[in-house]
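Listing of run-v5.pdb, PDB, C-alpha atoms
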```
ATOM      1  CA  LEU A1438       6.286  -6.593 -10.241  1.00  0.00           C
ATOM      2  CA  VAL A1439       3.550  -8.019  -7.984  1.00  0.00           C
ATOM      3  CA  LEU A1440       1.511  -4.821  -8.284  1.00  0.00           C
ATOM      4  CA  GLY A1441       1.897  -4.707 -12.070  1.00  0.00           C
ATOM      5  CA  ALA A1442       0.916  -8.351 -12.558  1.00  0.00           C
ATOM      6  CA  SER A1443      -2.032  -8.004 -10.185  1.00  0.00           C
ATOM      7  CA  MET A1444      -3.318  -4.834 -11.822  1.00  0.00           C
ATOM      8  CA  PHE A1445      -2.935  -6.406 -15.272  1.00  0.00           C
ATOM      9  CA  TYR A1446      -4.952  -9.457 -14.200  1.00  0.00           C
ATOM     10  CA  CYS A1447      -7.713  -7.417 -12.523  1.00  0.00           C
ATOM     11  CA  TYR A1448      -8.063  -4.897 -15.353  1.00  0.00           C
ATOM     12  CA  LEU A1449      -7.982  -7.638 -17.968  1.00  0.00           C
ATOM     13  CA  LYS A1450     -10.839  -9.431 -16.176  1.00  0.00           C
ATOM     14  CA  ALA A1451     -12.776  -6.167 -15.838  1.00  0.00           C
ATOM     15  CA  ALA A1452     -12.271  -4.994 -19.426  1.00  0.00           C
ATOM     16  CA  ALA A1453     -15.218  -7.041 -20.724  1.00  0.00           C
ATOM     17  CA  GLY A1454     -17.470  -5.875 -17.888  1.00  0.00           C
ATOM     18  CA  SER A1455     -18.815  -2.546 -16.744  1.00  0.00           C
ATOM     19  CA  LYS A1456     -16.957   0.453 -18.144  1.00  0.00           C
ATOM     20  CA  LEU A1457     -18.246   2.505 -15.207  1.00  0.00           C
ATOM     21  CA  ARG A1458     -16.534   0.158 -12.718  1.00  0.00           C
ATOM     22  CA  LEU A1459     -13.356   0.210 -14.790  1.00  0.00           C
ATOM     23  CA  CYS A1460     -13.324   4.032 -14.885  1.00  0.00           C
ATOM     24  CA  THR A1461     -14.168   4.201 -11.172  1.00  0.00           C
ATOM     25  CA  SER A1462     -11.250   1.912 -10.366  1.00  0.00           C
ATOM     26  CA  LEU A1463      -8.834   3.913 -12.507  1.00  0.00           C
ATOM     27  CA  SER A1464     -10.019   7.128 -10.823  1.00  0.00           C
ATOM     28  CA  LEU A1465      -9.586   5.656  -7.333  1.00  0.00           C
ATOM     29  CA  VAL A1466      -6.088   4.430  -8.195  1.00  0.00           C
ATOM     30  CA  ALA A1467      -5.190   7.848  -9.646  1.00  0.00           C
ATOM     31  CA  VAL A1468      -6.347   9.685  -6.515  1.00  0.00           C
ATOM     32  CA  THR A1469      -4.602   7.209  -4.205  1.00  0.00           C
ATOM     33  CA  TRP A1470      -1.332   7.386  -6.099  1.00  0.00           C
ATOM     34  CA  PHE A1471      -1.490  11.176  -6.343  1.00  0.00           C
ATOM     35  CA  TYR A1472      -1.330  11.304  -2.533  1.00  0.00           C
ATOM     36  CA  ILE A1473       1.292   8.556  -2.333  1.00  0.00           C
ATOM     37  CA  LEU A1474       3.549  10.320  -4.832  1.00  0.00           C
ATOM     38  CA  ARG A1475       2.984  13.731  -3.240  1.00  0.00           C
ATOM     39  CA  PHE A1476       4.031  12.331   0.135  1.00  0.00           C
ATOM     40  CA  THR A1477       6.999  10.528  -1.444  1.00  0.00           C
ATOM     41  CA  VAL A1478       8.268  13.817  -2.877  1.00  0.00           C
ATOM     42  CA  GLN A1479       7.852  15.584   0.489  1.00  0.00           C
ATOM     43  CA  TYR A1480       9.338  12.717   2.544  1.00  0.00           C
ATOM     44  CA  PRO A1481      13.052  13.628   2.132  1.00  0.00           C
ATOM     45  CA  SER A1482      12.415  16.989   3.830  1.00  0.00           C
ATOM     46  CA  THR A1483      10.990  15.396   6.994  1.00  0.00           C
ATOM     47  CA  GLU A1484      12.750  14.654  10.261  1.00  0.00           C
ATOM     48  CA  TRP A1485      11.737  11.003   9.837  1.00  0.00           C
ATOM     49  CA  TYR A1486      13.852  10.782   6.696  1.00  0.00           C
ATOM     50  CA  GLU A1487      16.801  12.124   8.688  1.00  0.00           C
ATOM     51  CA  LYS A1488      16.247   9.354  11.254  1.00  0.00           C
ATOM     52  CA  GLY A1489      16.248   6.641   8.558  1.00  0.00           C
ATOM     53  CA  PHE A1490      12.629   5.474   8.889  1.00  0.00           C
ATOM     54  CA  ASN A1491      11.136   3.782   5.842  1.00  0.00           C
ATOM     55  CA  LEU A1492       8.597   5.540   3.662  1.00  0.00           C
ATOM     56  CA  PHE A1493       5.809   2.983   4.287  1.00  0.00           C
ATOM     57  CA  ASP A1494       5.872   3.453   8.062  1.00  0.00           C
ATOM     58  CA  VAL A1495       6.329   7.213   7.858  1.00  0.00           C
ATOM     59  CA  ALA A1496       3.336   7.622   5.534  1.00  0.00           C
ATOM     60  CA  TYR A1497       1.120   5.779   7.995  1.00  0.00           C
ATOM     61  CA  ALA A1498       2.625   7.656  10.938  1.00  0.00           C
ATOM     62  CA  ASP A1499       1.686  10.894   9.210  1.00  0.00           C
ATOM     63  CA  VAL A1500      -1.915   9.675   8.874  1.00  0.00           C
ATOM     64  CA  VAL A1501      -2.208   8.102  12.334  1.00  0.00           C
ATOM     65  CA  TRP A1502      -0.302  10.681  14.399  1.00  0.00           C
ATOM     66  CA  GLY A1503      -0.868  13.697  12.166  1.00  0.00           C
ATOM     67  CA  GLY A1504      -3.142  15.408  14.690  1.00  0.00           C
ATOM     68  CA  SER A1505      -5.497  17.888  13.083  1.00  0.00           C
ATOM     69  CA  ALA A1506      -3.520  17.563   9.850  1.00  0.00           C
ATOM     70  CA  GLY A1507      -3.833  13.742   9.871  1.00  0.00           C
ATOM     71  CA  ASN A1508      -6.578  11.690   8.311  1.00  0.00           C
ATOM     72  CA  TRP A1509      -6.927   8.946  10.885  1.00  0.00           C
ATOM     73  CA  GLY A1510     -10.750   8.945  10.885  1.00  0.00           C
ATOM     74  CA  HIS A1511     -10.901   8.352   7.140  1.00  0.00           C
ATOM     75  CA  SER A1512      -8.110   5.788   7.215  1.00  0.00           C
ATOM     76  CA  GLN A1513      -9.645   3.925  10.145  1.00  0.00           C
ATOM     77  CA  THR A1514     -12.940   3.681   8.259  1.00  0.00           C
ATOM     78  CA  LEU A1515     -11.126   2.423   5.163  1.00  0.00           C
ATOM     79  CA  PHE A1516      -9.166  -0.160   7.162  1.00  0.00           C
ATOM     80  CA  CYS A1517     -12.341  -1.491   8.788  1.00  0.00           C
ATOM     81  CA  TRP A1518     -14.093  -1.651   5.419  1.00  0.00           C
ATOM     82  CA  VAL A1519     -11.135  -3.541   3.932  1.00  0.00           C
ATOM     83  CA  ILE A1520     -11.231  -6.125   6.727  1.00  0.00           C
ATOM     84  CA  VAL A1521     -14.917  -6.860   6.032  1.00  0.00           C
ATOM     85  CA  ALA A1522     -14.271  -6.813   2.265  1.00  0.00           C
ATOM     86  CA  THR A1523     -11.589  -9.465   2.809  1.00  0.00           C
ATOM     87  CA  VAL A1524     -14.351 -11.817   3.976  1.00  0.00           C
ATOM     88  CA  TRP A1525     -16.679 -10.696   1.193  1.00  0.00           C
ATOM     89  CA  SER A1526     -14.028 -11.301  -1.485  1.00  0.00           C
ATOM     90  CA  PHE A1527     -12.571 -14.475  -0.018  1.00  0.00           C
ATOM     91  CA  GLU A1528     -13.269 -16.587  -3.112  1.00  0.00           C
ATOM     92  CA  ALA A1529     -11.915 -13.945  -5.509  1.00  0.00           C
ATOM     93  CA  SER A1530      -8.455 -14.319  -6.990  1.00  0.00           C
ATOM     94  CA  VAL A1531      -5.556 -13.378  -4.749  1.00  0.00           C
ATOM     95  CA  PHE A1532      -4.604 -10.823  -7.408  1.00  0.00           C
ATOM     96  CA  TYR A1533      -7.323  -8.518  -6.075  1.00  0.00           C
ATOM     97  CA  GLN A1534      -5.740  -8.602  -2.610  1.00  0.00           C
ATOM     98  CA  PHE A1535      -2.267  -7.968  -4.008  1.00  0.00           C
ATOM     99  CA  PHE A1536      -3.557  -5.122  -6.180  1.00  0.00           C
ATOM    100  CA  GLY A1537      -5.204  -3.659  -3.088  1.00  0.00           C
ATOM    101  CA  LEU A1538      -2.249  -4.073  -0.733  1.00  0.00           C
ATOM    102  CA  PHE A1539       0.317  -2.674  -3.146  1.00  0.00           C
ATOM    103  CA  GLY A1540      -1.867  -0.331  -5.203  1.00  0.00           C
ATOM    104  CA  ALA A1541      -5.255   0.813  -3.982  1.00  0.00           C
ATOM    105  CA  MET A1542      -7.739  -1.338  -2.076  1.00  0.00           C
ATOM    106  CA  SER A1543     -10.781   0.619  -3.243  1.00  0.00           C
ATOM    107  CA  GLY A1544      -9.561   0.497  -6.842  1.00  0.00           C
ATOM    108  CA  SER A1545      -9.119  -3.250  -6.607  1.00  0.00           C
ATOM    109  CA  TYR A1546     -12.343  -4.247  -4.885  1.00  0.00           C
ATOM    110  CA  VAL A1547     -14.573  -2.247  -7.229  1.00  0.00           C
ATOM    111  CA  LEU A1548     -13.442  -4.573 -10.041  1.00  0.00           C
ATOM    112  CA  ILE A1549     -14.508  -7.864  -8.431  1.00  0.00           C
ATOM    113  CA  GLU A1550     -17.350  -9.543 -10.307  1.00  0.00           C
ATOM    114  CA  THR A1551     -19.736 -10.424  -7.506  1.00  0.00           C
ATOM    115  CA  GLN A1552     -22.272 -12.327  -9.591  1.00  0.00           C
ATOM    116  CA  LEU A1553     -19.809 -14.779 -11.151  1.00  0.00           C
ATOM    117  CA  ALA A1554     -19.721 -17.238  -8.270  1.00  0.00           C
ATOM    118  CA  ARG A1555     -21.950 -17.750  -5.295  1.00  0.00           C
ATOM    119  CA  PRO A1556     -19.834 -17.373  -2.157  1.00  0.00           C
ATOM    120  CA  SER A1557     -19.544 -20.331   0.132  1.00  0.00           C
ATOM    121  CA  PRO A1558     -21.833 -20.125   3.188  1.00  0.00           C
ATOM    122  CA  GLN A1559     -18.832 -21.049   5.330  1.00  0.00           C
ATOM    123  CA  VAL A1560     -15.277 -19.774   5.611  1.00  0.00           C
ATOM    124  CA  PRO A1561     -12.207 -21.154   7.402  1.00  0.00           C
ATOM    125  CA  ALA A1562     -11.796 -20.253  11.053  1.00  0.00           C
ATOM    126  CA  SER A1563      -8.378 -18.820  10.174  1.00  0.00           C
ATOM    127  CA  LEU A1564     -10.136 -16.112   8.133  1.00  0.00           C
ATOM    128  CA  ALA A1565     -12.475 -15.301  11.016  1.00  0.00           C
ATOM    129  CA  ILE A1566      -9.571 -15.071  13.448  1.00  0.00           C
ATOM    130  CA  ALA A1567      -7.573 -12.905  11.023  1.00  0.00           C
ATOM    131  CA  THR A1568     -10.478 -10.450  10.716  1.00  0.00           C
ATOM    132  CA  PHE A1569     -10.743 -10.011  14.477  1.00  0.00           C
ATOM    133  CA  VAL A1570      -6.970  -9.643  14.815  1.00  0.00           C
ATOM    134  CA  GLY A1571      -7.149  -7.113  11.963  1.00  0.00           C
ATOM    135  CA  PHE A1572      -9.654  -5.025  13.939  1.00  0.00           C
ATOM    136  CA  LEU A1573      -7.334  -5.232  16.950  1.00  0.00           C
ATOM    137  CA  CYS A1574      -4.505  -3.915  14.761  1.00  0.00           C
ATOM    138  CA  VAL A1575      -6.640  -0.983  13.576  1.00  0.00           C
ATOM    139  CA  TRP A1576      -7.564  -0.181  17.173  1.00  0.00           C
ATOM    140  CA  MET A1577      -3.916  -0.368  18.281  1.00  0.00           C
ATOM    141  CA  LEU A1578      -2.465   1.912  15.593  1.00  0.00           C
ATOM    142  CA  PRO A1579      -3.402   5.239  17.244  1.00  0.00           C
ATOM    143  CA  GLN A1580      -2.417   3.823  20.642  1.00  0.00           C
ATOM    144  CA  THR A1581       1.207   3.402  19.572  1.00  0.00           C
ATOM    145  CA  THR A1582       3.856   5.859  20.698  1.00  0.00           C
ATOM    146  CA  SER A1583       6.891   4.680  18.737  1.00  0.00           C
ATOM    147  CA  MET A1584       7.624   4.066  15.086  1.00  0.00           C
ATOM    148  CA  GLN A1585       8.655   0.494  15.930  1.00  0.00           C
ATOM    149  CA  ASP A1586       5.277  -0.276  17.538  1.00  0.00           C
ATOM    150  CA  LEU A1587       3.379   1.410  14.720  1.00  0.00           C
ATOM    151  CA  SER A1588       5.341  -0.604  12.165  1.00  0.00           C
ATOM    152  CA  TRP A1589       4.622  -3.870  13.979  1.00  0.00           C
ATOM    153  CA  TRP A1590       0.835  -3.252  14.038  1.00  0.00           C
ATOM    154  CA  LEU A1591       0.844  -2.143  10.386  1.00  0.00           C
ATOM    155  CA  TRP A1592       2.628  -5.277   9.237  1.00  0.00           C
ATOM    156  CA  ALA A1593       0.326  -7.421  11.397  1.00  0.00           C
ATOM    157  CA  LEU A1594      -2.713  -5.755   9.803  1.00  0.00           C
ATOM    158  CA  HIS A1595      -1.407  -6.338   6.300  1.00  0.00           C
ATOM    159  CA  MET A1596      -0.671  -9.982   7.134  1.00  0.00           C
ATOM    160  CA  CYS A1597      -4.242 -10.382   8.422  1.00  0.00           C
ATOM    161  CA  LEU A1598      -5.472  -9.233   5.026  1.00  0.00           C
ATOM    162  CA  ILE A1599      -3.364 -11.565   2.869  1.00  0.00           C
ATOM    163  CA  VAL A1600      -2.413 -14.695   4.858  1.00  0.00           C
ATOM    164  CA  PRO A1601      -5.986 -16.114   5.003  1.00  0.00           C
ATOM    165  CA  LYS A1602      -5.930 -16.378   1.193  1.00  0.00           C
ATOM    166  CA  PHE A1603      -3.128 -18.932   1.487  1.00  0.00           C
ATOM    167  CA  ILE A1604      -3.625 -20.636   4.851  1.00  0.00           C
ATOM    168  CA  HIS A1605      -6.991 -22.218   5.611  1.00  0.00           C
ATOM    169  CA  MET A1606      -7.044 -23.664   9.104  1.00  0.00           C
ATOM    170  CA  GLY A1607      -9.560 -24.714  11.681  1.00  0.00           C
ATOM    171  CA  PRO A1608     -13.194 -25.688  11.370  1.00  0.00           C
ATOM    172  CA  ALA A1609     -15.570 -23.938   9.014  1.00  0.00           C
ATOM    173  CA  VAL A1610     -17.345 -20.838  10.348  1.00  0.00           C
ATOM    174  CA  ASP A1611     -20.746 -19.651   9.175  1.00  0.00           C
ATOM    175  CA  ARG A1612     -20.134 -16.643   6.929  1.00  0.00           C
ATOM    176  CA  GLY A1613     -23.406 -14.932   7.903  1.00  0.00           C
ATOM    177  CA  LEU A1614     -22.547 -15.165  11.600  1.00  0.00           C
ATOM    178  CA  LEU A1615     -19.105 -13.785  10.873  1.00  0.00           C
ATOM    179  CA  TYR A1616     -20.648 -10.817   9.057  1.00  0.00           C
ATOM    180  CA  MET A1617     -22.953 -10.228  12.035  1.00  0.00           C
ATOM    181  CA  ALA A1618     -20.001 -10.341  14.433  1.00  0.00           C
ATOM    182  CA  LEU A1619     -18.007  -7.955  12.256  1.00  0.00           C
ATOM    183  CA  ALA A1620     -20.901  -5.509  12.108  1.00  0.00           C
TER     184      ALA A1620
END
```
Same coordinates, now as C-alpha coordinates:
Amino acid sequence: LVLGASMFYCYLKAAAGSKLRLCTSLSLVAVTWFYILRFTVQYPSTEWYEKGFNLFDVAYADVVWGGSAGNWGHSQTLFCWVIVATVWSFEASVFYQFFGLFGAMSGSYVLIETQLARPSPQVPASLAIATFVGFLCVWMLPQTTSMQDLSWWLWALHMCLIVPKFIHMGPAVDRGLLYMALA
(Lines of atoms letter the chains of each structure in order from A and count residues from 1; the text may use other names and numbers.)
(Lines give C-alpha, C1' and ligand atoms only; values in the text may rest on other atoms or scores of the structure.)
Protein backbone atom coordinates (compact mmCIF):
# COMPACT_ATOMS: atom_id res chain seq x y z
CA LEU A 1 0.00 0.00 0.00
CA VAL A 2 2.78 2.44 0.95
CA LEU A 3 4.81 1.47 -2.13
CA GLY A 4 1.80 1.79 -4.44
CA ALA A 5 0.78 5.21 -3.09
CA SER A 6 4.37 6.46 -3.22
CA MET A 7 4.95 5.25 -6.77
CA PHE A 8 1.63 6.76 -7.87
CA TYR A 9 2.58 10.14 -6.38
CA CYS A 10 6.10 10.14 -7.86
CA TYR A 11 5.04 9.01 -11.33
CA LEU A 12 2.13 11.43 -11.36
CA LYS A 13 4.51 14.31 -10.56
CA ALA A 14 6.97 13.11 -13.21
CA ALA A 15 4.40 12.54 -15.96
CA ALA A 16 4.45 16.20 -17.04
CA GLY A 17 8.25 16.31 -17.00
CA SER A 18 10.99 14.54 -18.88
CA LYS A 19 9.88 11.36 -20.63
CA LEU A 20 13.49 10.17 -20.58
CA ARG A 21 13.58 10.35 -16.76
CA LEU A 22 10.22 8.60 -16.57
CA CYS A 23 11.40 5.78 -18.86
CA THR A 24 14.71 5.56 -16.98
CA SER A 25 12.87 5.20 -13.69
CA LEU A 26 10.55 2.52 -15.05
CA SER A 27 13.56 0.63 -16.44
CA LEU A 28 15.42 0.82 -13.12
CA VAL A 29 12.35 -0.41 -11.23
CA ALA A 30 11.89 -3.26 -13.73
CA VAL A 31 15.50 -4.41 -13.37
CA THR A 32 15.39 -4.12 -9.57
CA TRP A 33 12.15 -6.06 -9.29
CA PHE A 34 13.33 -8.71 -11.75
CA TYR A 35 16.12 -9.57 -9.29
CA ILE A 36 13.84 -9.29 -6.26
CA LEU A 37 11.26 -11.63 -7.80
CA ARG A 38 13.91 -14.05 -9.05
CA PHE A 39 15.36 -14.29 -5.55
CA THR A 40 11.86 -14.63 -4.05
CA VAL A 41 11.16 -17.63 -6.28
CA GLN A 42 14.50 -19.25 -5.35
CA TYR A 43 14.22 -18.46 -1.62
CA PRO A 44 12.07 -21.49 -0.59
CA SER A 45 14.83 -23.85 -1.79
CA THR A 46 17.48 -22.30 0.48
CA GLU A 47 18.65 -23.47 3.89
CA TRP A 48 17.70 -20.04 5.26
CA TYR A 49 14.06 -20.71 4.41
CA GLU A 50 14.29 -23.97 6.35
CA LYS A 51 15.60 -22.02 9.35
CA GLY A 52 12.68 -19.55 9.21
CA PHE A 53 14.63 -16.38 8.33
CA ASN A 54 12.65 -13.63 6.63
CA LEU A 55 13.08 -12.88 2.95
CA PHE A 56 14.30 -9.29 3.49
CA ASP A 57 17.24 -10.34 5.67
CA VAL A 58 18.08 -13.37 3.56
CA ALA A 59 18.21 -11.31 0.35
CA TYR A 60 20.71 -8.94 1.93
CA ALA A 61 22.66 -11.82 3.46
CA ASP A 62 22.99 -13.29 -0.01
CA VAL A 63 24.41 -9.98 -1.28
CA VAL A 64 26.63 -9.24 1.72
CA TRP A 65 27.94 -12.74 2.47
CA GLY A 66 27.61 -14.21 -1.01
CA GLY A 67 31.37 -14.43 -1.51
CA SER A 68 32.36 -14.44 -5.16
CA ALA A 69 28.70 -14.92 -6.08
CA GLY A 70 27.62 -11.90 -3.97
CA ASN A 71 27.36 -8.33 -5.12
CA TRP A 72 28.56 -6.53 -2.02
CA GLY A 73 30.77 -4.03 -3.90
CA HIS A 74 27.86 -2.84 -6.03
CA SER A 75 25.45 -2.79 -3.11
CA GLN A 76 27.90 -0.92 -0.88
CA THR A 77 28.31 1.74 -3.57
CA LEU A 78 24.54 2.02 -3.93
CA PHE A 79 24.04 2.30 -0.17
CA CYS A 80 26.64 5.07 0.10
CA TRP A 81 25.08 6.92 -2.83
CA VAL A 82 21.64 6.64 -1.23
CA ILE A 83 22.91 8.12 2.04
CA VAL A 84 24.27 11.19 0.22
CA ALA A 85 21.11 11.39 -1.92
CA THR A 86 19.08 11.50 1.31
CA VAL A 87 20.76 14.83 2.08
CA TRP A 88 20.40 16.01 -1.51
CA SER A 89 16.68 15.20 -1.57
CA PHE A 90 15.87 16.33 1.95
CA GLU A 91 13.26 18.88 0.86
CA ALA A 92 11.57 16.47 -1.57
CA SER A 93 8.35 14.75 -0.61
CA VAL A 94 8.66 11.77 1.71
CA PHE A 95 6.98 9.73 -1.04
CA TYR A 96 10.32 9.57 -2.87
CA GLN A 97 11.96 7.99 0.19
CA PHE A 98 9.12 5.51 0.62
CA PHE A 99 9.20 4.63 -3.08
CA GLY A 100 12.94 4.08 -2.76
CA LEU A 101 12.85 2.05 0.45
CA PHE A 102 10.04 -0.23 -0.67
CA GLY A 103 10.55 -0.18 -4.44
CA ALA A 104 13.80 0.98 -5.99
CA MET A 105 15.93 3.85 -4.72
CA SER A 106 17.47 4.60 -8.11
CA GLY A 107 14.05 4.52 -9.76
CA SER A 108 12.71 6.95 -7.19
CA TYR A 109 15.53 9.49 -7.08
CA VAL A 110 15.73 9.88 -10.86
CA LEU A 111 12.21 11.35 -10.74
CA ILE A 112 12.92 14.19 -8.30
CA GLU A 113 12.60 17.61 -9.91
CA THR A 114 15.78 19.33 -8.77
CA GLN A 115 15.05 22.75 -10.23
CA LEU A 116 11.65 23.22 -8.59
CA ALA A 117 12.92 24.48 -5.25
CA ARG A 118 16.25 25.79 -4.13
CA PRO A 119 17.50 23.58 -1.29
CA SER A 120 18.05 25.17 2.06
CA PRO A 121 21.71 25.98 2.78
CA GLN A 122 21.27 24.33 6.18
CA VAL A 123 19.85 21.02 7.36
CA PRO A 124 18.96 19.72 10.83
CA ALA A 125 21.74 18.15 12.85
CA SER A 126 19.59 15.01 13.12
CA LEU A 127 19.99 14.52 9.35
CA ALA A 128 23.76 14.95 9.58
CA ILE A 129 23.97 12.45 12.44
CA ALA A 130 21.74 9.98 10.58
CA THR A 131 24.00 10.12 7.52
CA PHE A 132 27.11 9.31 9.55
CA VAL A 133 25.30 6.52 11.40
CA GLY A 134 24.13 5.27 8.00
CA PHE A 135 27.74 5.02 6.81
CA LEU A 136 28.58 3.13 10.01
CA CYS A 137 25.76 0.69 9.21
CA VAL A 138 27.08 0.13 5.68
CA TRP A 139 30.56 -0.48 7.07
CA MET A 140 29.22 -2.92 9.69
CA LEU A 141 27.14 -5.08 7.33
CA PRO A 142 30.03 -7.21 5.98
CA GLN A 143 31.52 -7.40 9.48
CA THR A 144 28.49 -9.27 10.82
CA THR A 145 28.62 -13.01 11.40
CA SER A 146 25.01 -13.77 12.32
CA MET A 147 21.66 -13.16 10.69
CA GLN A 148 20.51 -11.35 13.84
CA ASP A 149 23.40 -8.86 13.67
CA LEU A 150 22.95 -8.37 9.93
CA SER A 151 19.25 -7.72 10.43
CA TRP A 152 19.92 -5.16 13.17
CA TRP A 153 22.36 -3.15 10.98
CA LEU A 154 20.00 -3.34 7.99
CA TRP A 155 17.07 -1.99 9.96
CA ALA A 156 19.29 0.71 11.48
CA LEU A 157 20.41 1.75 7.99
CA HIS A 158 16.85 1.94 6.72
CA MET A 159 15.83 4.00 9.75
CA CYS A 160 18.72 6.40 9.06
CA LEU A 161 17.28 6.95 5.60
CA ILE A 162 13.68 7.67 6.62
CA VAL A 163 13.57 9.01 10.20
CA PRO A 164 15.26 12.36 9.38
CA LYS A 165 12.30 13.19 7.11
CA PHE A 166 10.05 13.19 10.17
CA ILE A 167 12.28 14.18 13.09
CA HIS A 168 14.26 17.41 12.86
CA MET A 169 16.41 17.90 15.93
CA GLY A 170 19.43 19.87 16.97
CA PRO A 171 20.97 23.01 15.56
CA ALA A 172 21.17 23.68 11.85
CA VAL A 173 24.22 22.32 10.01
CA ASP A 174 25.71 23.87 6.89
CA ARG A 175 24.69 21.65 3.98
CA GLY A 176 27.87 22.35 1.99
CA LEU A 177 30.05 21.32 4.93
CA LEU A 178 27.99 18.18 5.34
CA TYR A 179 28.51 17.32 1.67
CA MET A 180 32.26 17.87 2.11
CA ALA A 181 32.31 15.60 5.17
CA LEU A 182 30.33 12.92 3.35
CA ALA A 183 32.71 13.04 0.40
How many Å separate atom CA of A:Leu1538 from atom CA of A:His1605?
->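 The value is 19.8 Å.
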Near stretch 1442-1456 of chain A, counting all atoms listed in the file, which residues have an atom at most 7 Å away, once you skip same-chain residues fewer than 6 positions from it, shown as a list in words?
->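 Selected residues are Phe1532, Tyr1533, Phe1535, Phe1536 and Leu1548 of chain A.
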Atom pair atom CA of A:Tyr1546 / atom CA of A:Gly1607: separation (Å) =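 A separation of 26.5 Å between them.
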Using the chain letters and residue numbers of this document, give as a PyMOL selection string the residues selected by the PyMOL selection byres ((chain A and resi 1587) around 12).
-> chain A and resi 1490+1493-1502+1574-1586+1588-1594
Please define a box with edges along x, y and z of the file around all atoms of stretch 1541-1555 of chain A given in the file, extend it by 5 Å on each side, and return its centre and edge lengths in Å to one decimal, as lines of an AutoDock Vina configuration file.
```
center_x = -13.8
center_y = -8.5
center_z = -6.6
size_x = 27.0
size_y = 28.6
size_z = 19.1
```
Point out the residue among A:Ile1604, A:Met1596, A:Val1547, A:Trp1509 with the least atom-to-atom distance to A:Cys1460, counting all atoms listed in the file.
-> A:Val1547
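Among the candidates A:Leu1492, A:Leu1474, A:Met1542, A:Val1560, the residue lying nearest to A:Phe1527 is A:Val1560 (atoms considered: only C-alpha atoms).
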Start from the incomplete input, build N, CA, C and O atoms for stretch 1467-1482 of chain A, and deliver everything as a PDB file, keeping the file's coordinate frame.
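The resulting out38.pdb:
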```
ATOM      1  N   ALA A1467      -5.848   6.565  -9.353  1.00  0.00           N
ATOM      2  CA  ALA A1467      -5.190   7.848  -9.646  1.00  0.00           C
ATOM      3  C   ALA A1467      -5.171   8.753  -8.417  1.00  0.00           C
ATOM      4  O   ALA A1467      -4.135   9.355  -8.099  1.00  0.00           O
ATOM      5  N   VAL A1468      -6.290   8.846  -7.715  1.00  0.00           N
ATOM      6  CA  VAL A1468      -6.347   9.685  -6.515  1.00  0.00           C
ATOM      7  C   VAL A1468      -5.412   9.143  -5.439  1.00  0.00           C
ATOM      8  O   VAL A1468      -4.641   9.895  -4.826  1.00  0.00           O
ATOM      9  N   THR A1469      -5.464   7.830  -5.212  1.00  0.00           N
ATOM     10  CA  THR A1469      -4.602   7.209  -4.205  1.00  0.00           C
ATOM     11  C   THR A1469      -3.133   7.474  -4.510  1.00  0.00           C
ATOM     12  O   THR A1469      -2.370   7.890  -3.640  1.00  0.00           O
ATOM     13  N   TRP A1470      -2.738   7.233  -5.751  1.00  0.00           N
ATOM     14  CA  TRP A1470      -1.332   7.386  -6.099  1.00  0.00           C
ATOM     15  C   TRP A1470      -0.902   8.853  -6.192  1.00  0.00           C
ATOM     16  O   TRP A1470       0.274   9.161  -6.000  1.00  0.00           O
ATOM     17  N   PHE A1471      -1.831   9.757  -6.424  1.00  0.00           N
ATOM     18  CA  PHE A1471      -1.490  11.176  -6.343  1.00  0.00           C
ATOM     19  C   PHE A1471      -0.987  11.491  -4.936  1.00  0.00           C
ATOM     20  O   PHE A1471       0.057  12.130  -4.763  1.00  0.00           O
ATOM     21  N   TYR A1472      -1.729  11.035  -3.916  1.00  0.00           N
ATOM     22  CA  TYR A1472      -1.330  11.304  -2.533  1.00  0.00           C
ATOM     23  C   TYR A1472      -0.073  10.543  -2.140  1.00  0.00           C
ATOM     24  O   TYR A1472       0.778  11.063  -1.404  1.00  0.00           O
ATOM     25  N   ILE A1473       0.078   9.323  -2.627  1.00  0.00           N
ATOM     26  CA  ILE A1473       1.292   8.556  -2.333  1.00  0.00           C
ATOM     27  C   ILE A1473       2.509   9.259  -2.927  1.00  0.00           C
ATOM     28  O   ILE A1473       3.532   9.442  -2.250  1.00  0.00           O
ATOM     29  N   LEU A1474       2.408   9.664  -4.179  1.00  0.00           N
ATOM     30  CA  LEU A1474       3.549  10.320  -4.832  1.00  0.00           C
ATOM     31  C   LEU A1474       3.828  11.693  -4.229  1.00  0.00           C
ATOM     32  O   LEU A1474       4.996  12.077  -4.072  1.00  0.00           O
ATOM     33  N   ARG A1475       2.781  12.426  -3.876  1.00  0.00           N
ATOM     34  CA  ARG A1475       2.984  13.731  -3.240  1.00  0.00           C
ATOM     35  C   ARG A1475       3.734  13.560  -1.920  1.00  0.00           C
ATOM     36  O   ARG A1475       4.678  14.297  -1.626  1.00  0.00           O
ATOM     37  N   PHE A1476       3.338  12.568  -1.133  1.00  0.00           N
ATOM     38  CA  PHE A1476       4.031  12.331   0.135  1.00  0.00           C
ATOM     39  C   PHE A1476       5.463  11.865  -0.113  1.00  0.00           C
ATOM     40  O   PHE A1476       6.384  12.274   0.601  1.00  0.00           O
ATOM     41  N   THR A1477       5.661  11.032  -1.127  1.00  0.00           N
ATOM     42  CA  THR A1477       6.999  10.528  -1.444  1.00  0.00           C
ATOM     43  C   THR A1477       7.950  11.671  -1.795  1.00  0.00           C
ATOM     44  O   THR A1477       9.111  11.669  -1.391  1.00  0.00           O
ATOM     45  N   VAL A1478       7.445  12.657  -2.512  1.00  0.00           N
ATOM     46  CA  VAL A1478       8.268  13.817  -2.877  1.00  0.00           C
ATOM     47  C   VAL A1478       8.596  14.653  -1.636  1.00  0.00           C
ATOM     48  O   VAL A1478       9.709  15.169  -1.496  1.00  0.00           O
ATOM     49  N   GLN A1479       7.649  14.779  -0.717  1.00  0.00           N
ATOM     50  CA  GLN A1479       7.852  15.584   0.489  1.00  0.00           C
ATOM     51  C   GLN A1479       8.671  14.860   1.557  1.00  0.00           C
ATOM     52  O   GLN A1479       9.289  15.496   2.403  1.00  0.00           O
ATOM     53  N   TYR A1480       8.701  13.534   1.508  1.00  0.00           N
ATOM     54  CA  TYR A1480       9.338  12.717   2.544  1.00  0.00           C
ATOM     55  C   TYR A1480      10.804  13.086   2.832  1.00  0.00           C
ATOM     56  O   TYR A1480      11.185  13.204   3.999  1.00  0.00           O
ATOM     57  N   PRO A1481      11.646  13.318   1.824  1.00  0.00           N
ATOM     58  CA  PRO A1481      13.052  13.628   2.132  1.00  0.00           C
ATOM     59  C   PRO A1481      13.254  14.895   2.967  1.00  0.00           C
ATOM     60  O   PRO A1481      14.302  15.072   3.576  1.00  0.00           O
ATOM     61  N   SER A1482      12.259  15.763   3.033  1.00  0.00           N
ATOM     62  CA  SER A1482      12.415  16.989   3.830  1.00  0.00           C
ATOM     63  C   SER A1482      11.846  16.843   5.242  1.00  0.00           C
ATOM     64  O   SER A1482      11.743  17.830   5.967  1.00  0.00           O
TER      65      SER A1482
END
```
